[in-house]
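Source file: model_23.cif (mmCIF, C-alpha atoms)
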data_model
#
loop_
_atom_site.label_atom_id
_atom_site.label_comp_id
_atom_site.auth_asym_id
_atom_site.auth_seq_id
_atom_site.Cartn_x
_atom_site.Cartn_y
_atom_site.Cartn_z
CA MET A 1 48.72 -35.69 -10.92
CA ILE A 2 46.05 -36.35 -8.31
CA PRO A 3 47.14 -35.36 -4.79
CA THR A 4 46.95 -38.12 -2.14
CA LEU A 5 45.89 -37.61 1.44
CA ASP A 6 46.80 -40.27 4.01
CA ILE A 7 44.36 -40.32 6.94
CA THR A 8 45.03 -43.90 8.02
CA LYS A 9 46.40 -42.72 11.38
CA ASP A 10 43.57 -40.27 12.12
CA VAL A 11 40.37 -40.84 14.01
CA CYS A 12 36.91 -39.29 13.68
CA PRO A 13 36.29 -36.35 13.44
CA MET A 14 39.82 -35.51 12.21
CA THR A 15 39.42 -37.94 9.32
CA PHE A 16 36.67 -35.88 7.71
CA VAL A 17 38.21 -32.55 8.76
CA LYS A 18 41.41 -33.45 6.89
CA VAL A 19 39.46 -34.59 3.84
CA LYS A 20 37.55 -31.28 3.84
CA MET A 21 40.82 -29.38 4.11
CA GLY A 22 42.23 -31.45 1.26
CA LEU A 23 39.19 -30.74 -0.89
CA ALA A 24 39.43 -27.01 -0.14
CA LYS A 25 42.80 -26.97 -1.93
CA ILE A 26 41.51 -28.39 -5.20
CA PRO A 27 39.16 -26.83 -7.79
CA PRO A 28 35.51 -27.88 -8.25
CA ALA A 29 35.20 -31.25 -10.04
CA GLY A 30 38.88 -31.89 -9.17
CA LYS A 31 40.07 -35.22 -7.78
CA LEU A 32 41.66 -36.17 -4.46
CA ASN A 33 42.99 -39.60 -3.52
CA VAL A 34 42.30 -40.48 0.10
CA LEU A 35 44.02 -43.38 1.82
CA LEU A 36 41.97 -44.42 4.82
CA ALA A 37 41.51 -47.26 7.30
CA GLU A 38 38.46 -49.53 7.23
CA ASP A 39 37.09 -47.93 10.42
CA ALA A 40 36.88 -44.53 8.75
CA LEU A 41 35.11 -45.69 5.57
CA LYS A 42 31.51 -45.24 6.64
CA ASN A 43 31.81 -41.79 8.22
CA VAL A 44 34.06 -40.33 5.56
CA ILE A 45 32.10 -41.65 2.56
CA SER A 46 28.65 -40.82 3.97
CA SER A 47 29.81 -37.28 4.85
CA LEU A 48 31.30 -36.82 1.38
CA LYS A 49 28.05 -37.96 -0.25
CA GLN A 50 26.03 -35.66 1.99
CA GLU A 51 28.11 -32.69 0.89
CA GLY A 52 27.62 -33.52 -2.78
CA HIS A 53 31.05 -34.99 -3.55
CA ARG A 54 31.43 -38.26 -5.41
CA VAL A 55 33.57 -41.32 -4.76
CA SER A 56 34.58 -42.33 -8.25
CA GLY A 57 37.04 -45.10 -7.49
CA VAL A 58 37.94 -47.56 -4.78
CA SER A 59 40.85 -49.93 -4.40
CA ARG A 60 42.14 -52.01 -1.55
CA GLN A 61 45.70 -51.33 -0.34
CA GLU A 62 46.75 -54.05 2.10
CA SER A 63 45.00 -53.06 5.34
CA ALA A 64 43.63 -49.76 4.01
CA PHE A 65 41.41 -48.44 1.21
CA LEU A 66 42.30 -45.87 -1.41
CA ILE A 67 39.32 -43.87 -2.59
CA VAL A 68 39.18 -41.31 -5.36
CA VAL A 69 37.05 -38.34 -4.37
CA GLU A 70 35.62 -36.04 -7.00
CA LYS A 71 34.86 -32.62 -5.60
CA GLU A 72 31.37 -31.29 -6.22
CA GLY A 73 30.78 -28.45 -8.67
CA GLU A 74 31.44 -27.63 -12.31
CA ARG A 75 34.94 -27.68 -13.74
CA PRO A 76 36.17 -24.04 -13.88
CA MET B 77 -1.97 -39.52 58.18
CA ASN B 78 -5.35 -38.16 57.16
CA ILE B 79 -7.72 -39.86 54.72
CA ASP B 80 -6.68 -37.61 51.78
CA ASP B 81 -2.98 -38.42 52.27
CA TYR B 82 -3.85 -42.09 52.31
CA LYS B 83 -5.84 -41.77 49.06
CA GLU B 84 -2.88 -40.06 47.37
CA LEU B 85 -0.55 -42.83 48.48
CA LYS B 86 -2.82 -45.54 47.14
CA LYS B 87 -2.70 -44.05 43.64
CA GLY B 88 1.00 -44.81 43.46
CA GLY B 89 4.02 -42.86 42.31
CA MET B 90 4.98 -41.97 45.89
CA MET B 91 7.96 -44.07 46.89
CA ARG B 92 8.24 -44.64 50.63
CA GLN B 93 11.68 -43.68 51.90
CA LYS B 94 13.81 -45.21 54.62
CA GLU B 95 13.21 -42.05 56.64
CA ALA B 96 9.75 -42.35 58.20
CA GLY B 97 7.12 -39.97 56.84
CA ARG B 98 9.10 -39.01 53.73
CA PHE B 99 8.43 -39.98 50.13
CA SER B 100 10.24 -39.74 46.83
CA VAL B 101 7.66 -38.45 44.36
CA ARG B 102 7.97 -40.10 40.97
CA LEU B 103 6.94 -37.94 38.03
CA HIS B 104 5.26 -38.90 34.77
CA ILE B 105 7.76 -38.20 32.00
CA VAL B 106 7.72 -39.55 28.45
CA GLY B 107 10.93 -40.20 26.55
CA GLY B 108 12.90 -37.93 28.87
CA ASP B 109 11.29 -34.83 27.37
CA LEU B 110 10.42 -31.83 29.53
CA SER B 111 9.86 -28.20 28.66
CA ALA B 112 12.03 -25.58 30.36
CA GLU B 113 8.89 -24.41 32.16
CA GLN B 114 8.24 -27.91 33.49
CA LEU B 115 11.85 -28.23 34.63
CA ARG B 116 11.56 -24.93 36.48
CA ALA B 117 8.34 -26.11 38.13
CA ILE B 118 10.06 -29.34 39.22
CA CYS B 119 12.92 -27.30 40.73
CA ASP B 120 10.43 -25.05 42.52
CA ALA B 121 8.53 -28.09 43.82
CA ALA B 122 11.75 -29.69 45.07
CA GLU B 123 12.56 -26.52 47.02
CA LYS B 124 9.04 -25.92 48.27
CA PHE B 125 8.08 -29.47 49.26
CA GLY B 126 11.30 -31.52 49.36
CA ARG B 127 14.84 -30.61 50.43
CA GLY B 128 15.84 -28.88 47.22
CA THR B 129 17.15 -31.91 45.35
CA VAL B 130 15.94 -33.88 42.35
CA HIS B 131 16.88 -37.45 41.39
CA LEU B 132 17.30 -38.53 37.75
CA THR B 133 16.35 -42.20 37.49
CA ALA B 134 17.88 -44.95 35.37
CA ARG B 135 15.03 -44.80 32.84
CA GLN B 136 14.75 -41.08 32.03
CA GLY B 137 12.52 -40.42 35.02
CA VAL B 138 12.62 -37.66 37.60
CA GLU B 139 11.83 -38.04 41.30
CA ILE B 140 11.57 -35.41 43.99
CA PRO B 141 12.83 -37.03 47.19
CA ASN B 142 12.20 -36.06 50.83
CA VAL B 143 8.59 -34.92 50.46
CA PRO B 144 6.68 -35.27 53.76
CA THR B 145 3.40 -37.21 53.77
CA GLU B 146 1.33 -34.11 54.41
CA SER B 147 2.67 -32.40 51.26
CA LEU B 148 1.97 -35.21 48.78
CA ALA B 149 -1.36 -33.85 47.58
CA ALA B 150 0.04 -30.32 47.40
CA VAL B 151 3.10 -31.27 45.32
CA LYS B 152 0.83 -33.06 42.87
CA GLU B 153 -1.44 -30.04 42.53
CA PHE B 154 1.52 -27.66 42.22
CA LEU B 155 3.10 -29.63 39.34
CA GLY B 156 -0.22 -30.39 37.69
CA THR B 157 -0.56 -26.78 36.56
CA THR B 158 2.44 -27.24 34.22
CA GLY B 159 1.30 -30.59 32.90
CA VAL B 160 3.73 -32.71 34.90
CA GLY B 161 1.81 -35.61 36.39
CA VAL B 162 2.77 -38.00 39.13
CA GLY B 163 4.19 -41.34 37.98
CA VAL B 164 3.17 -44.91 38.65
CA CYS B 165 4.52 -47.98 40.39
CA GLY B 166 3.34 -51.54 40.96
CA PRO B 167 2.17 -53.98 38.28
CA THR B 168 1.59 -51.42 35.53
CA VAL B 169 3.02 -50.20 32.23
CA ARG B 170 5.85 -47.90 33.30
CA THR B 171 7.74 -44.94 31.86
CA VAL B 172 8.17 -45.20 28.09
CA THR B 173 11.77 -44.28 27.27
CA ALA B 174 12.94 -42.90 23.94
CA CYS B 175 15.87 -41.20 22.27
CA GLN B 176 15.42 -37.95 20.32
CA GLY B 177 14.77 -39.88 17.12
CA CYS B 178 14.93 -38.85 13.48
CA ARG B 179 13.80 -35.26 14.02
CA VAL B 180 16.98 -34.45 15.99
CA CYS B 181 19.59 -37.20 15.60
CA PRO B 182 21.38 -37.61 12.24
CA SER B 183 21.36 -41.39 12.79
CA GLY B 184 17.63 -41.52 13.60
CA VAL B 185 15.43 -43.72 11.43
CA ILE B 186 12.11 -43.43 13.29
CA ASP B 187 10.37 -40.69 15.26
CA ALA B 188 11.00 -42.27 18.65
CA PRO B 189 9.52 -39.46 20.85
CA GLU B 190 6.28 -39.40 18.85
CA LEU B 191 5.91 -43.17 19.14
CA ALA B 192 6.71 -42.97 22.86
CA LEU B 193 3.87 -40.47 23.30
CA ALA B 194 1.46 -42.77 21.46
CA VAL B 195 2.43 -45.79 23.59
CA ASP B 196 2.26 -43.65 26.74
CA ARG B 197 -1.18 -42.24 25.88
CA GLU B 198 -2.67 -45.68 25.44
CA PHE B 199 -0.84 -47.77 28.03
CA TYR B 200 0.90 -45.73 30.75
CA GLY B 201 -0.18 -46.91 34.18
CA GLN B 202 -2.42 -49.63 32.75
CA PRO B 203 -2.58 -52.82 34.80
CA VAL B 204 -0.54 -55.87 33.73
CA PRO B 205 0.69 -58.94 35.69
CA HIS B 206 3.96 -57.26 36.73
CA LYS B 207 5.92 -54.11 35.92
CA PHE B 208 6.18 -53.65 32.16
CA LYS B 209 8.64 -51.38 30.37
CA VAL B 210 8.78 -50.07 26.83
CA GLY B 211 11.93 -48.51 25.37
CA ILE B 212 12.36 -46.98 21.93
CA SER B 213 15.66 -46.52 20.08
CA GLY B 214 15.55 -44.46 16.90
CA CYS B 215 18.14 -46.61 15.13
CA ALA B 216 20.39 -49.64 15.39
CA ASN B 217 22.85 -47.69 17.57
CA ASN B 218 20.28 -48.57 20.22
CA CYS B 219 21.08 -45.85 22.77
CA LEU B 220 17.83 -46.71 24.55
CA LYS B 221 18.73 -50.40 24.97
CA ALA B 222 15.67 -51.96 23.32
CA GLU B 223 16.60 -55.49 24.42
CA GLU B 224 16.47 -54.51 28.11
CA ASN B 225 12.75 -53.76 27.90
CA ASP B 226 9.62 -55.92 28.02
CA ILE B 227 8.96 -54.44 24.60
CA GLY B 228 11.86 -52.80 22.83
CA ILE B 229 11.54 -50.97 19.54
CA LYS B 230 14.38 -50.02 17.18
CA GLY B 231 14.52 -48.05 13.96
CA TRP B 232 15.78 -50.41 11.27
CA ILE B 233 16.96 -50.16 7.66
CA GLU B 234 17.33 -53.27 5.57
CA PRO B 235 19.62 -52.98 2.52
CA ARG B 236 18.72 -54.13 -0.97
CA TRP B 237 21.46 -54.64 -3.51
CA GLY B 238 20.80 -53.58 -7.08
CA GLY B 239 23.54 -54.93 -9.31
CA LYS B 240 23.62 -52.35 -12.10
CA ALA B 241 25.71 -49.58 -10.57
CA CYS B 242 27.90 -51.87 -8.42
CA THR B 243 31.66 -51.79 -8.94
CA PHE B 244 32.27 -54.63 -6.43
CA CYS B 245 34.65 -52.37 -4.49
CA GLY B 246 33.98 -54.26 -1.25
CA ILE B 247 33.25 -51.23 0.93
CA CYS B 248 29.80 -52.54 1.95
CA ALA B 249 31.32 -55.78 3.21
CA ALA B 250 34.15 -53.92 4.94
CA VAL B 251 31.84 -51.57 6.86
CA CYS B 252 29.19 -54.18 7.78
CA PRO B 253 29.50 -54.62 11.57
CA SER B 254 27.88 -58.05 11.52
CA LYS B 255 29.73 -59.35 8.45
CA ALA B 256 26.43 -60.11 6.75
CA ILE B 257 27.59 -59.07 3.28
CA GLU B 258 29.62 -61.10 0.84
CA VAL B 259 31.05 -59.60 -2.32
CA SER B 260 31.91 -61.95 -5.18
CA PRO B 261 33.37 -59.90 -8.05
CA ASP B 262 33.96 -63.10 -10.09
CA GLN B 263 30.26 -63.91 -10.10
CA ALA B 264 29.30 -60.21 -10.16
CA VAL B 265 27.15 -60.75 -7.07
CA VAL B 266 26.82 -59.10 -3.67
CA SER B 267 24.82 -61.19 -1.24
CA VAL B 268 23.28 -59.78 1.93
CA SER B 269 22.26 -62.17 4.69
CA LEU B 270 19.20 -60.46 6.14
CA ALA B 271 19.22 -62.91 9.05
CA GLY B 272 22.58 -61.51 10.10
CA CYS B 273 21.77 -57.88 9.25
CA ILE B 274 21.47 -55.54 12.26
CA GLY B 275 19.59 -52.86 10.33
CA CYS B 276 22.18 -50.09 10.74
CA GLY B 277 22.26 -49.03 7.09
CA ASP B 278 26.05 -48.47 7.14
CA CYS B 279 26.41 -50.36 3.84
CA ILE B 280 23.87 -48.05 2.20
CA GLU B 281 25.48 -44.88 3.54
CA SER B 282 28.97 -45.97 2.50
CA CYS B 283 28.22 -47.26 -0.96
CA PRO B 284 30.03 -44.95 -3.41
CA THR B 285 27.69 -45.77 -6.32
CA ARG B 286 24.35 -46.17 -4.50
CA ALA B 287 24.17 -49.76 -5.76
CA MET B 288 23.35 -50.70 -2.16
CA GLY B 289 19.96 -49.14 -1.61
CA GLU B 290 17.21 -49.28 0.95
CA GLY B 291 14.92 -52.29 1.17
CA ASN B 292 12.58 -52.23 4.14
CA ARG B 293 12.74 -49.29 6.54
CA GLY B 294 10.78 -49.26 9.75
CA TYR B 295 10.45 -50.70 13.22
CA ARG B 296 12.03 -53.84 14.70
CA LEU B 297 10.42 -55.19 17.86
CA TYR B 298 11.98 -57.13 20.73
CA ALA B 299 10.06 -58.88 23.47
CA GLY B 300 10.75 -60.21 26.93
CA GLY B 301 13.77 -58.19 28.02
CA LYS B 302 14.38 -56.94 31.55
CA PHE B 303 17.09 -55.90 33.91
CA GLY B 304 16.92 -56.25 37.67
CA ARG B 305 18.09 -59.23 39.69
CA VAL B 306 18.01 -61.72 36.85
CA PRO B 307 18.49 -59.88 33.57
CA LEU B 308 17.11 -61.23 30.30
CA LEU B 309 17.72 -59.89 26.81
CA GLY B 310 14.61 -59.39 24.70
CA ARG B 311 14.36 -61.40 21.51
CA LYS B 312 13.57 -60.13 18.05
CA ILE B 313 9.95 -60.78 17.09
CA LEU B 314 7.95 -60.31 13.89
CA ARG B 315 8.98 -58.95 10.52
CA ILE B 316 9.99 -55.29 10.15
CA LEU B 317 6.89 -53.19 10.80
CA CYS B 318 6.35 -50.29 8.44
CA SER B 319 4.08 -47.80 10.22
CA PRO B 320 3.39 -46.49 13.74
CA GLU B 321 -0.12 -47.94 13.40
CA GLU B 322 1.32 -51.43 12.86
CA VAL B 323 3.61 -50.93 15.87
CA MET B 324 0.70 -49.82 18.06
CA ALA B 325 -1.34 -52.85 16.96
CA ALA B 326 1.63 -55.07 17.85
CA VAL B 327 2.16 -53.43 21.27
CA ARG B 328 -1.58 -53.76 21.95
CA SER B 329 -1.54 -57.46 21.17
CA VAL B 330 1.68 -58.09 23.15
CA ILE B 331 0.06 -56.54 26.21
CA GLU B 332 -3.15 -58.49 25.57
CA PHE B 333 -1.06 -61.69 25.34
CA TYR B 334 0.75 -60.85 28.59
CA ARG B 335 -2.53 -60.18 30.39
CA ALA B 336 -3.92 -63.51 29.21
CA GLU B 337 -0.84 -65.67 29.76
CA GLY B 338 1.22 -63.93 32.44
CA ARG B 339 0.97 -64.98 36.08
CA SER B 340 0.75 -62.40 38.82
CA ARG B 341 4.21 -60.94 39.57
CA GLU B 342 5.77 -62.78 36.64
CA ARG B 343 7.80 -60.58 34.28
CA PHE B 344 6.92 -60.85 30.61
CA GLY B 345 10.24 -62.49 29.70
CA ASP B 346 9.52 -65.29 32.17
CA THR B 347 6.02 -65.70 30.72
CA LEU B 348 7.58 -66.09 27.27
CA MET B 349 10.01 -68.67 28.62
CA ARG B 350 6.96 -70.76 29.58
CA THR B 351 4.82 -70.18 26.50
CA GLY B 352 7.60 -69.94 23.91
CA PHE B 353 7.99 -67.06 21.45
CA PRO B 354 6.09 -68.63 18.51
CA ALA B 355 2.82 -68.40 20.48
CA LEU B 356 3.35 -64.64 20.84
CA ASP B 357 4.37 -64.16 17.22
CA SER B 358 1.30 -65.87 15.81
CA ARG B 359 -1.05 -63.96 18.15
CA ILE B 360 0.41 -60.61 17.10
CA THR B 361 0.47 -61.45 13.40
CA GLU B 362 -3.28 -62.22 13.58
CA ARG B 363 -4.00 -58.90 15.29
CA ILE B 364 -1.90 -56.83 12.89
CA ALA B 365 -3.66 -58.48 9.95
CA GLU B 366 -7.03 -57.62 11.54
CA SER B 367 -6.03 -53.99 12.10
CA SER B 368 -4.77 -53.32 8.56
#
Would you write the structure of this file as structure tokens?
Amino acid sequence: MIPTLDITKDVCPMTFVKVKMGLAKIPPAGKLNVLLAEDALKNVISSLKQEGHRVSGVSRQESAFLIVVEKEGERP
Amino acid sequence: MNIDDYKELKKGGMMRQKEAGRFSVRLHIVGGDLSAEQLRAICDAAEKFGRGTVHLTARQGVEIPNVPTESLAAVKEFLGTTGVGVGVCGPTVRTVTACQGCRVCPSGVIDAPELALAVDREFYGQPVPHKFKVGISGCANNCLKAEENDIGIKGWIEPRWGGKACTFCGICAAVCPSKAIEVSPDQAVVSVSLAGCIGCGDCIESCPTRAMGEGNRGYRLYAGGKFGRVPLLGRKILRILCSPEEVMAAVRSVIEFYRAEGRSRERFGDTLMRTGFPALDSRITERIAESS
């Protein structure tokens, strides 16, 4: 089961801080669902890409987006 | 006032104050950049020749107020040893402003300070019909307010959509601040209206699959902006320019156009209101073609 992190009520820079904390809890190549508001999309996704993570799925959830983040690294 | 003091005054950069016999000495600064040594020298000069205060101007300039007439030549000589020159006033090309650009700022697209130095080297203090200001923003965030300058320059990234990797997730359209992107999953097409694009590159940065890539990257020019009593916003001119050389050729031909068409004490924006922007565009395009 992929854990889900809801950051729809957070603002920058807490949005990315929480995603980083969420990613710290999962193994390399593991997945994390992140529910985020439209305003946070650009900063969160560009930061994730910069740090080598991958966004492997996107779906729209009413006023928010649910993205699937794949943590960088090789599966242990 | 002796003859030497009078000569110093005539060169400009010494702003007469309300208080008789006192001047605010304007310094020559490019893009708001000063070394620590220069800053120290400015502080020392303010204490030695002024009343120990320094004024930061609206356009990244520095002035030392309260300098008496008889010290004007001395303050200039004192600062000259650290490479800080005295500024200009009157109908000339003024301080070139710039942000820290792509070498410092994560958002930076162009090397704004380097370009500011090039513009400054060629044009600072040069005569034109009225005051003329150049401002350079490293990216679309436009911290340096390109449109408020006679010539404004912005770093610009134009997106190009490549269909293959696209999942039609809609993030590019959602993050686009000018709503210039339309995603049609049914037709498997993402269309970008470049006319509406503001060159921020947010769609490229946010695309999970890198289907939205970079098209043109470079410099976007604006002409005819000003602030003051009757503000005018500069208007976008030309295509995206791709090199500093092209930008310099464009700036050169804008100034040449202003010298030819501008009336004395008429700001460039007002000149353009008379001549129309197409006249300027075609003149610059000719010059850039000649230079490349």
Query raised in the report: What residues in chain A have any atom no more than 12 Å from chain B when counting all atoms listed in the file, and can you write them as a ChimeraX atom specification?
Result: /A:36-50,52-61,63-70
Requested in this report: To one decimal in Å, tell me the separation between atom CA of A:Ala24 and atom CA of A:Thr4.
Outcome: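 A separation of 13.6 Å between them.
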Query raised in the report: So which residues are close to (44.4, -32.5, 4.6), meaning at most 12 Å away in the file's coordinates with only C-alpha atoms counted, and can you show them as a list of chain:residue names?
Result: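 Looking at atoms near the point gives A:Pro3, A:Thr4, A:Leu5, A:Asp6, A:Ile7, A:Thr8, A:Asp10, A:Met14, A:Thr15, A:Phe16, A:Val17, A:Lys18, A:Val19, A:Lys20, A:Met21, A:Gly22, A:Leu23, A:Ala24, A:Lys25, A:Ile26, A:Leu32, A:Asn33, A:Val34, A:Leu35.
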Query raised in the report: Smallest atom-to-atom distance to B:Glu95: which of B:Ser269, B:Gln136, B:Thr145, B:Gln176, using all atoms listed in the file?
Result: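 The shortest atom-to-atom distance to B:Glu95 comes from B:Thr145.
In this model, the gap between atom CA of B:Phe199 and atom CA of B:Pro167 comes to 12.4 Å.
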Requested in this report: On this file, the PyMOL selection byres ((chain A and resi 28) around 6) gives some set of residues; write that set as number ranges by chain.
Outcome: A: 27, 29-30, 71-75
Name every residue that the PyMOL selection byres ((chain B and resi 289-305) around 8) selects in this structure, writing the answer as a PDB file with C-alpha atoms, in the frame of the given file with chains first and numbers rising.
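result-v8.pdb was written with the following content:
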ATOM      1  CA  VAL B 185      15.430 -43.720  11.430  1.00  0.00           C
ATOM      2  CA  ILE B 186      12.110 -43.430  13.290  1.00  0.00           C
ATOM      3  CA  ALA B 222      15.670 -51.960  23.320  1.00  0.00           C
ATOM      4  CA  GLU B 223      16.600 -55.490  24.420  1.00  0.00           C
ATOM      5  CA  GLU B 224      16.470 -54.510  28.110  1.00  0.00           C
ATOM      6  CA  ASN B 225      12.750 -53.760  27.900  1.00  0.00           C
ATOM      7  CA  ASP B 226       9.620 -55.920  28.020  1.00  0.00           C
ATOM      8  CA  ILE B 227       8.960 -54.440  24.600  1.00  0.00           C
ATOM      9  CA  GLY B 228      11.860 -52.800  22.830  1.00  0.00           C
ATOM     10  CA  ILE B 229      11.540 -50.970  19.540  1.00  0.00           C
ATOM     11  CA  LYS B 230      14.380 -50.020  17.180  1.00  0.00           C
ATOM     12  CA  GLY B 231      14.520 -48.050  13.960  1.00  0.00           C
ATOM     13  CA  TRP B 232      15.780 -50.410  11.270  1.00  0.00           C
ATOM     14  CA  ILE B 233      16.960 -50.160   7.660  1.00  0.00           C
ATOM     15  CA  GLU B 234      17.330 -53.270   5.570  1.00  0.00           C
ATOM     16  CA  PRO B 235      19.620 -52.980   2.520  1.00  0.00           C
ATOM     17  CA  ARG B 236      18.720 -54.130  -0.970  1.00  0.00           C
ATOM     18  CA  TRP B 237      21.460 -54.640  -3.510  1.00  0.00           C
ATOM     19  CA  GLY B 238      20.800 -53.580  -7.080  1.00  0.00           C
ATOM     20  CA  GLY B 277      22.260 -49.030   7.090  1.00  0.00           C
ATOM     21  CA  ILE B 280      23.870 -48.050   2.200  1.00  0.00           C
ATOM     22  CA  ARG B 286      24.350 -46.170  -4.500  1.00  0.00           C
ATOM     23  CA  ALA B 287      24.170 -49.760  -5.760  1.00  0.00           C
ATOM     24  CA  MET B 288      23.350 -50.700  -2.160  1.00  0.00           C
ATOM     25  CA  VAL B 306      18.010 -61.720  36.850  1.00  0.00           C
ATOM     26  CA  PRO B 307      18.490 -59.880  33.570  1.00  0.00           C
ATOM     27  CA  LEU B 308      17.110 -61.230  30.300  1.00  0.00           C
ATOM     28  CA  LEU B 309      17.720 -59.890  26.810  1.00  0.00           C
ATOM     29  CA  GLY B 310      14.610 -59.390  24.700  1.00  0.00           C
ATOM     30  CA  ARG B 311      14.360 -61.400  21.510  1.00  0.00           C
ATOM     31  CA  LYS B 312      13.570 -60.130  18.050  1.00  0.00           C
ATOM     32  CA  ILE B 313       9.950 -60.780  17.090  1.00  0.00           C
ATOM     33  CA  LEU B 314       7.950 -60.310  13.890  1.00  0.00           C
ATOM     34  CA  ARG B 315       8.980 -58.950  10.520  1.00  0.00           C
ATOM     35  CA  ILE B 316       9.990 -55.290  10.150  1.00  0.00           C
ATOM     36  CA  LEU B 317       6.890 -53.190  10.800  1.00  0.00           C
ATOM     37  CA  CYS B 318       6.350 -50.290   8.440  1.00  0.00           C
ATOM     38  CA  SER B 319       4.080 -47.800  10.220  1.00  0.00           C
ATOM     39  CA  VAL B 323       3.610 -50.930  15.870  1.00  0.00           C
ATOM     40  CA  ARG B 343       7.800 -60.580  34.280  1.00  0.00           C
ATOM     41  CA  PHE B 344       6.920 -60.850  30.610  1.00  0.00           C
ATOM     42  CA  GLY B 345      10.240 -62.490  29.700  1.00  0.00           C
ATOM     43  CA  ASP B 346       9.520 -65.290  32.170  1.00  0.00           C
ATOM     44  CA  LEU B 348       7.580 -66.090  27.270  1.00  0.00           C
TER      45      LEU B 348
END
I'd like to see the residues matched by the PyMOL selection byres ((chain B and resi 170) around 8) on this file, and ideally I'd get them as an mmCIF file with C-alpha atoms, in the frame of the given file.
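File produced: selection39.cif:
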data_model
loop_
_atom_site.group_PDB
_atom_site.id
_atom_site.type_symbol
_atom_site.label_atom_id
_atom_site.label_comp_id
_atom_site.auth_asym_id
_atom_site.auth_seq_id
_atom_site.Cartn_x
_atom_site.Cartn_y
_atom_site.Cartn_z
ATOM 1 C CA VAL B 164 3.170 -44.910 38.650
ATOM 2 C CA CYS B 165 4.520 -47.980 40.390
ATOM 3 C CA THR B 168 1.590 -51.420 35.530
ATOM 4 C CA VAL B 169 3.020 -50.200 32.230
ATOM 5 C CA THR B 171 7.740 -44.940 31.860
ATOM 6 C CA VAL B 172 8.170 -45.200 28.090
ATOM 7 C CA TYR B 200 0.900 -45.730 30.750
ATOM 8 C CA GLY B 201 -0.180 -46.910 34.180
ATOM 9 C CA LYS B 207 5.920 -54.110 35.920
ATOM 10 C CA PHE B 208 6.180 -53.650 32.160
ATOM 11 C CA LYS B 209 8.640 -51.380 30.370
ATOM 12 C CA VAL B 210 8.780 -50.070 26.830
#
Query - Coordinates-based distance that separates atom CA of B:Gly214 from atom CA of B:Glu139 (Å, one decimal) - result: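 Distance between the two atoms: 25.5 Å.
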Requested in this report: List the neighbours of stretch 111-122 of chain B out to 7 Å using only C-alpha atoms; skip same-chain residues closer than 5 positions along the sequence, and give me the result as a ChimeraX atom specification.
Outcome: /B:127-130,140,151,155,158,160
Query raised in the report: Using all atoms listed in the file, can you list as an MDAnalysis selection string the residues within 6 Å of (5.2, -42.9, 40.7)?
Result: chainID B and resid 88:90 102:103 162:165
Any chance you could export the current selection's C-alpha atoms as a short mmCIF file (atom, residue, chain, number, x, y, z; two decimals), in the coordinates of the input?
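Output (selection_39.cif):
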data_model
loop_
_atom_site.label_atom_id
_atom_site.label_comp_id
_atom_site.auth_asym_id
_atom_site.auth_seq_id
_atom_site.Cartn_x
_atom_site.Cartn_y
_atom_site.Cartn_z
CA GLY B 88 1.00 -44.81 43.46
CA GLY B 89 4.02 -42.86 42.31
CA MET B 90 4.98 -41.97 45.89
CA ARG B 102 7.97 -40.10 40.97
CA LEU B 103 6.94 -37.94 38.03
CA VAL B 162 2.77 -38.00 39.13
CA GLY B 163 4.19 -41.34 37.98
CA VAL B 164 3.17 -44.91 38.65
CA CYS B 165 4.52 -47.98 40.39
#
Using only the atoms of stretch 184-187 of chain B listed in the file, plus 4 Å on each side, state the axis-aligned box centre and edge lengths in Å rounded to one decimal, as AutoDock Vina command-line options.
--center_x 14.0 --center_y -42.2 --center_z 13.3 --size_x 15.3 --size_y 11.0 --size_z 11.8
Written-out stretch 264-272 of chain B (N, CA and C atoms) as a PDB file, in the first residue's frame:
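Result written to selection_14.pdb:
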ATOM      1  N   ALA B 264      -5.179  14.031 -28.152  1.00  0.00           N
ATOM      2  CA  ALA B 264      -3.764  13.773 -27.844  1.00  0.00           C
ATOM      3  C   ALA B 264      -2.884  14.954 -28.260  1.00  0.00           C
ATOM      4  N   VAL B 265      -3.351  16.159 -27.898  1.00  0.00           N
ATOM      5  CA  VAL B 265      -2.615  17.372 -28.278  1.00  0.00           C
ATOM      6  C   VAL B 265      -2.522  18.335 -27.097  1.00  0.00           C
ATOM      7  N   VAL B 266      -1.357  18.950 -26.950  1.00  0.00           N
ATOM      8  CA  VAL B 266      -1.195  20.060 -26.013  1.00  0.00           C
ATOM      9  C   VAL B 266      -0.801  21.272 -26.856  1.00  0.00           C
ATOM     10  N   SER B 267      -1.619  22.324 -26.805  1.00  0.00           N
ATOM     11  CA  SER B 267      -1.258  23.480 -27.620  1.00  0.00           C
ATOM     12  C   SER B 267      -0.812  24.643 -26.730  1.00  0.00           C
ATOM     13  N   VAL B 268       0.285  25.257 -27.146  1.00  0.00           N
ATOM     14  CA  VAL B 268       0.844  26.386 -26.386  1.00  0.00           C
ATOM     15  C   VAL B 268       0.676  27.647 -27.232  1.00  0.00           C
ATOM     16  N   SER B 269       0.011  28.641 -26.678  1.00  0.00           N
ATOM     17  CA  SER B 269      -0.119  29.906 -27.397  1.00  0.00           C
ATOM     18  C   SER B 269       1.092  30.774 -27.048  1.00  0.00           C
ATOM     19  N   LEU B 270       2.034  30.857 -27.982  1.00  0.00           N
ATOM     20  CA  LEU B 270       3.262  31.613 -27.683  1.00  0.00           C
ATOM     21  C   LEU B 270       2.972  33.105 -27.541  1.00  0.00           C
ATOM     22  N   ALA B 271       1.877  33.569 -28.142  1.00  0.00           N
ATOM     23  CA  ALA B 271       1.514  34.985 -28.007  1.00  0.00           C
ATOM     24  C   ALA B 271       1.140  35.291 -26.557  1.00  0.00           C
ATOM     25  N   GLY B 272       0.561  34.300 -25.880  1.00  0.00           N
ATOM     26  CA  GLY B 272       0.154  34.528 -24.498  1.00  0.00           C
ATOM     27  C   GLY B 272       1.223  34.132 -23.493  1.00  0.00           C
TER      28      GLY B 272
END
